[in-house]
Amino acid sequence: MNFTLSSKSIASLKADCLVVAVPENGDWPATTQEVDEALDGLLRQLNKSGDITGKNGNCLLIPVAGQPWPRVLVVGTGPDEERSPTNFRKAVAAAVGQIKDGAAGHVAIALTDTPTTGDDQAQSEANRLSLIGRTLEEQLYTFNAYKSGKPPVRKLKKVTVQASAATKVLKSAFELGLATGRGMNFTRDLGNTPPNVCHPSWLAQQAEKLAKEHDTIKTEILDEKQMKKLGMNTLLAVSAGSAQPARLIVMEYRGGKAKDKPYVLVGKGITFDTGGISLKPGEGMDEMKYDMGGSASVFGAMQVLAETNAKINVVAVIAAAENMPSGDATRPGDIVTSMSGQTVEILNTDAEGRLVLCDALTYVKRFNPEVVIDLATLTGACIIALGHHASGLLSNDDDLANELLASGERACDRAWRLPLWDEYQSQLDSNFADMQNIGGRPAGTITAACFLSRFTKEYRWAHLDIAGTAWHSGKAKGSSGRPVPLLVDYLMSHADQ
Ligand code: BES
Ligand code: MN
Ligand code: ZN
């Protein structure tokens, strides 16, 4: 697929289809007015007759004659005052959904002069372009690697996105959007790969592949023997029952100044979570292949940094293991000593994410991090608390938390903060060890983060629980690519220009 940015007027844009916006109230954007005039008021007429409603995401495809574009797709963008970046993106997604398998080989999209709420409009055009780029990549994603037979061929080959100017700022915003979409799609590929292929060592190979493709990324893979030597016993307690050995995958992206402290990302990489001896119920267990979603989002973000040559230092650490029951598996009641020296009574082997993460969080101290952000499909309780719309955010640093919330808002990849108050810590008291790995039913997402917080005291840290956001269930089952957009927005806001 060919994506280009153009500042040509729509009258001189030749394409098989032109996409313009009609809001539900307020003034029409200049390009839409221009198209309406060229069509002798056809759009206004269709608006009057109720064929064009302006409701967000409503689409109407109109064949037209005597224009450089034989079709116009009108997409509703809702009322001006409700057009958050998220609602704007929904409209873009609806439009791309209409054209992706249509008759047009070349589509021109003229949507950036539709205002969004929030930032000033000059800055917003850049953000809108970025959202359009990302949404294009996202909507055109397919995953056919495991279907026999030829995948269907698309007519659509080229998309031109029209903007007010072809300035450096707008160009790089569009490029960043496209790269973010590709990063999300990489994340989705990893997540959707079946768990009989996506093992810890397969994930390690993907890191090596990424490092081979980009000179700026270096990778180091630790095997179980090396982890044992480091004292990573809580991580190894999770892989103990599996025939697949665990891996600690380290990727370093050095795009910033040598002296700049790195931003560290830590990903939960459970390639399949059966629950171990605390076995999960059978229904829907296949979805536990997505339990490496945190690590998949780290991969996606690293690819975006490398593709855009971001001027920042980022270290990624992925704790990859498979959680299986067997004669060698960890038992409920086992006590192990973590790399930090703190002992953990494992009362439930299904609370394994925190066990692999705590050793990884201890390991990353060696990088002298600016901040550490971990990403994990950690608790079912997070889905109960926030559903599938927001990731859970917990942090020991208010500034970091607020920045991540703002990034999520801008990038249409929202998070919502939950408290990490001391009062919750006692739910982890153990009769026999320094702590137990479960905190009972109340506030399950918070007590999981409380567990992690005991290993992150020496740096600024945030935890994103993506249990509800990393993938979709049901008919649209598949990885979502979240929270790559949030991560990219945050990291880019700290990159040198
Ligand atoms: N990977 C799961 C969390 C999960 C469950 C994510 C369902 C998305 C959907 C995690 O390892 C887990 O099993 N957590 C337990 C913790 C409990 C035993 C304290 C949970 O949420 O039930
Ligand atoms: Mn589990
Ligand atoms: Zn899990």
# chains A, B, ... in the order shown; residues from 1 in each chain; ligands from 1

$ residues_around --residues "Arg188 of chain A" --least-positions-apart "5" --cutoff "7 Å" --atoms "only C-alpha atoms" --output "PyMOL selection string"
chain A and resi 479-481

$ residues_around --residues "Ala179 of chain A" --least-positions-apart "2" --cutoff "8 Å" --atoms "only C-alpha atoms" --output "PyMOL selection string"
chain A and resi 134+175-177+181-183+304+307-308

$ write_last_selection --atoms "N, CA, C and O atoms" --output "PDB file, in the first residue's frame"
ATOM      1  N   ARG A 134      -2.209   6.396  11.299  1.00  0.00           N
ATOM      2  CA  ARG A 134      -2.281   5.205  12.135  1.00  0.00           C
ATOM      3  C   ARG A 134      -3.545   4.397  11.832  1.00  0.00           C
ATOM      4  O   ARG A 134      -3.503   3.169  11.740  1.00  0.00           O
ATOM      5  N   GLU A 175       3.998  10.632   9.098  1.00  0.00           N
ATOM      6  CA  GLU A 175       4.913   9.480   9.111  1.00  0.00           C
ATOM      7  C   GLU A 175       4.875   8.759  10.458  1.00  0.00           C
ATOM      8  O   GLU A 175       4.897   7.527  10.514  1.00  0.00           O
ATOM      9  N   LEU A 176       4.817   9.551  11.535  1.00  0.00           N
ATOM     10  CA  LEU A 176       4.768   8.935  12.864  1.00  0.00           C
ATOM     11  C   LEU A 176       3.471   8.141  13.032  1.00  0.00           C
ATOM     12  O   LEU A 176       3.462   7.054  13.607  1.00  0.00           O
ATOM     13  N   GLY A 177       2.374   8.684  12.496  1.00  0.00           N
ATOM     14  CA  GLY A 177       1.106   7.963  12.563  1.00  0.00           C
ATOM     15  C   GLY A 177       1.180   6.637  11.826  1.00  0.00           C
ATOM     16  O   GLY A 177       0.750   5.600  12.345  1.00  0.00           O
ATOM     17  N   GLY A 181       0.917   2.887  13.414  1.00  0.00           N
ATOM     18  CA  GLY A 181       0.016   1.849  12.907  1.00  0.00           C
ATOM     19  C   GLY A 181       0.768   0.571  12.570  1.00  0.00           C
ATOM     20  O   GLY A 181       0.313  -0.534  12.902  1.00  0.00           O
ATOM     21  N   ARG A 182       1.924   0.715  11.925  1.00  0.00           N
ATOM     22  CA  ARG A 182       2.723  -0.481  11.610  1.00  0.00           C
ATOM     23  C   ARG A 182       3.215  -1.147  12.884  1.00  0.00           C
ATOM     24  O   ARG A 182       3.248  -2.374  12.980  1.00  0.00           O
ATOM     25  N   GLY A 183       3.588  -0.332  13.876  1.00  0.00           N
ATOM     26  CA  GLY A 183       4.017  -0.884  15.161  1.00  0.00           C
ATOM     27  C   GLY A 183       2.889  -1.667  15.824  1.00  0.00           C
ATOM     28  O   GLY A 183       3.093  -2.760  16.351  1.00  0.00           O
ATOM     29  N   VAL A 304       8.586   1.224  16.208  1.00  0.00           N
ATOM     30  CA  VAL A 304       8.251   2.609  15.851  1.00  0.00           C
ATOM     31  C   VAL A 304       9.462   3.525  16.085  1.00  0.00           C
ATOM     32  O   VAL A 304       9.797   4.360  15.246  1.00  0.00           O
ATOM     33  N   GLU A 307      12.037   2.863  13.362  1.00  0.00           N
ATOM     34  CA  GLU A 307      11.613   3.302  12.029  1.00  0.00           C
ATOM     35  C   GLU A 307      11.607   4.822  11.901  1.00  0.00           C
ATOM     36  O   GLU A 307      11.753   5.355  10.812  1.00  0.00           O
ATOM     37  N   THR A 308      11.386   5.519  13.011  1.00  0.00           N
ATOM     38  CA  THR A 308      11.320   6.978  12.931  1.00  0.00           C
ATOM     39  C   THR A 308      12.605   7.636  13.428  1.00  0.00           C
ATOM     40  O   THR A 308      12.667   8.856  13.544  1.00  0.00           O
TER      41      THR A 308
END

$ residues_around --residues "Ala103 of chain A" --least-positions-apart "2" --cutoff "12 Å" --atoms "only C-alpha atoms" --output "JSON, numbers by chain"
{"A": [15, 16, 17, 61, 63, 70, 71, 98, 99, 100, 101, 105, 106, 107, 153, 154, 155, 156, 157]}

$ residues_near_ligand --ligand "ligand 2" --cutoff "8 Å" --atoms "only C-alpha atoms and all ligand atoms" --output "PyMOL selection string"
chain A and resi 273-276+280+323+349-353+378-379

$ atom_distance --atom1 "atom CA of Ile10 of chain A" --atom2 "atom CA of Tyr141 of chain A"
27.5 Å

$ closest_residue --among "A:Glu287, A:Glu409, A:Asp399, A:Asp422" --to "ligand 3" --atoms "only C-alpha atoms and all ligand atoms"
A:Glu287

$ residues_near_ligand --ligand "ligand 1" --cutoff "9 Å" --atoms "only C-alpha atoms and all ligand atoms" --output "PyMOL selection string"
chain A and resi 270+272-275+278+280+285+287-288+290-292+323+347-354+376-383+437-441+444-445+447-448+465-471

$ select_by_dssp --residues "segment 45-221 of chain A" --states "helix (DSSP H, G or I)" --output "JSON, numbers by chain"
{"A": [45, 46, 47, 48, 80, 81, 82, 85, 86, 87, 88, 89, 90, 91, 92, 93, 94, 95, 96, 97, 98, 99, 121, 122, 123, 124, 125, 126, 127, 128, 129, 130, 131, 132, 133, 134, 135, 136, 137, 138, 139, 168, 169, 170, 171, 172, 173, 174, 175, 176, 177, 178, 179, 180, 181, 182, 183, 184, 185, 186, 187, 188, 189, 190, 191, 192, 200, 201, 202, 203, 204, 205, 206, 207, 208, 209, 210, 211, 212, 213]}

$ closest_residue --among "A:Leu190, A:Ala93, A:Val19, A:Met227" --to "Met339 of chain A" --atoms "only C-alpha atoms"
A:Met227

$ residues_around --residues "segment 294-303 of chain A" --least-positions-apart "5" --cutoff "7 Å" --atoms "only C-alpha atoms" --output "PyMOL selection string"
chain A and resi 183-184+186-187+190-191+265+267-269+316+318+375-377+481-484+487-488

$ residues_around --residues "Asp359 of chain A" --least-positions-apart "3" --cutoff "7 Å" --atoms "only C-alpha atoms" --output "ChimeraX atom specification"
/A:232,234-235,338-339,356,362-363

$ residues_around --residues "Ala207 of chain A" --least-positions-apart "3" --cutoff "10 Å" --atoms "only C-alpha atoms" --output "list in words"
Ser201, Trp202, Leu203, Ala204, Leu210, Ala211, Lys212, Glu213, Ile217, Lys218, Thr219, Glu220, Ile221, Ile249, Val250, Met251, Phe299, Met302 and Ile318 of chain A

$ closest_residue --among "A:Asn144, A:Thr271, A:Asn185, A:Thr77" --to "ligand 3" --atoms "only C-alpha atoms and all ligand atoms"
A:Thr271

$ closest_residue --among "A:Ala91, A:Leu129, A:Ala243, A:Leu357" --to "ligand 3" --atoms "only C-alpha atoms and all ligand atoms"
A:Leu357

$ atom_distance --atom1 "atom CA of Asn25 of chain A" --atom2 "atom CA of Gln123 of chain A"
23.0 Å

$ residues_around --residues "Asp434 of chain A" --least-positions-apart "5" --cutoff "8 Å" --atoms "only C-alpha atoms" --output "list in words"
Gln342, Thr343, Val344, Glu345 and Asp429 of chain A

$ closest_residue --among "A:Leu305, A:Ala321, A:Val22, A:Ala495" --to "ligand 3" --atoms "only C-alpha atoms and all ligand atoms"
A:Ala321

$ closest_residue --among "A:Ala110, A:Asp80, A:Pro245, A:Gln121" --to "Met324 of chain A" --atoms "only C-alpha atoms"
A:Pro245
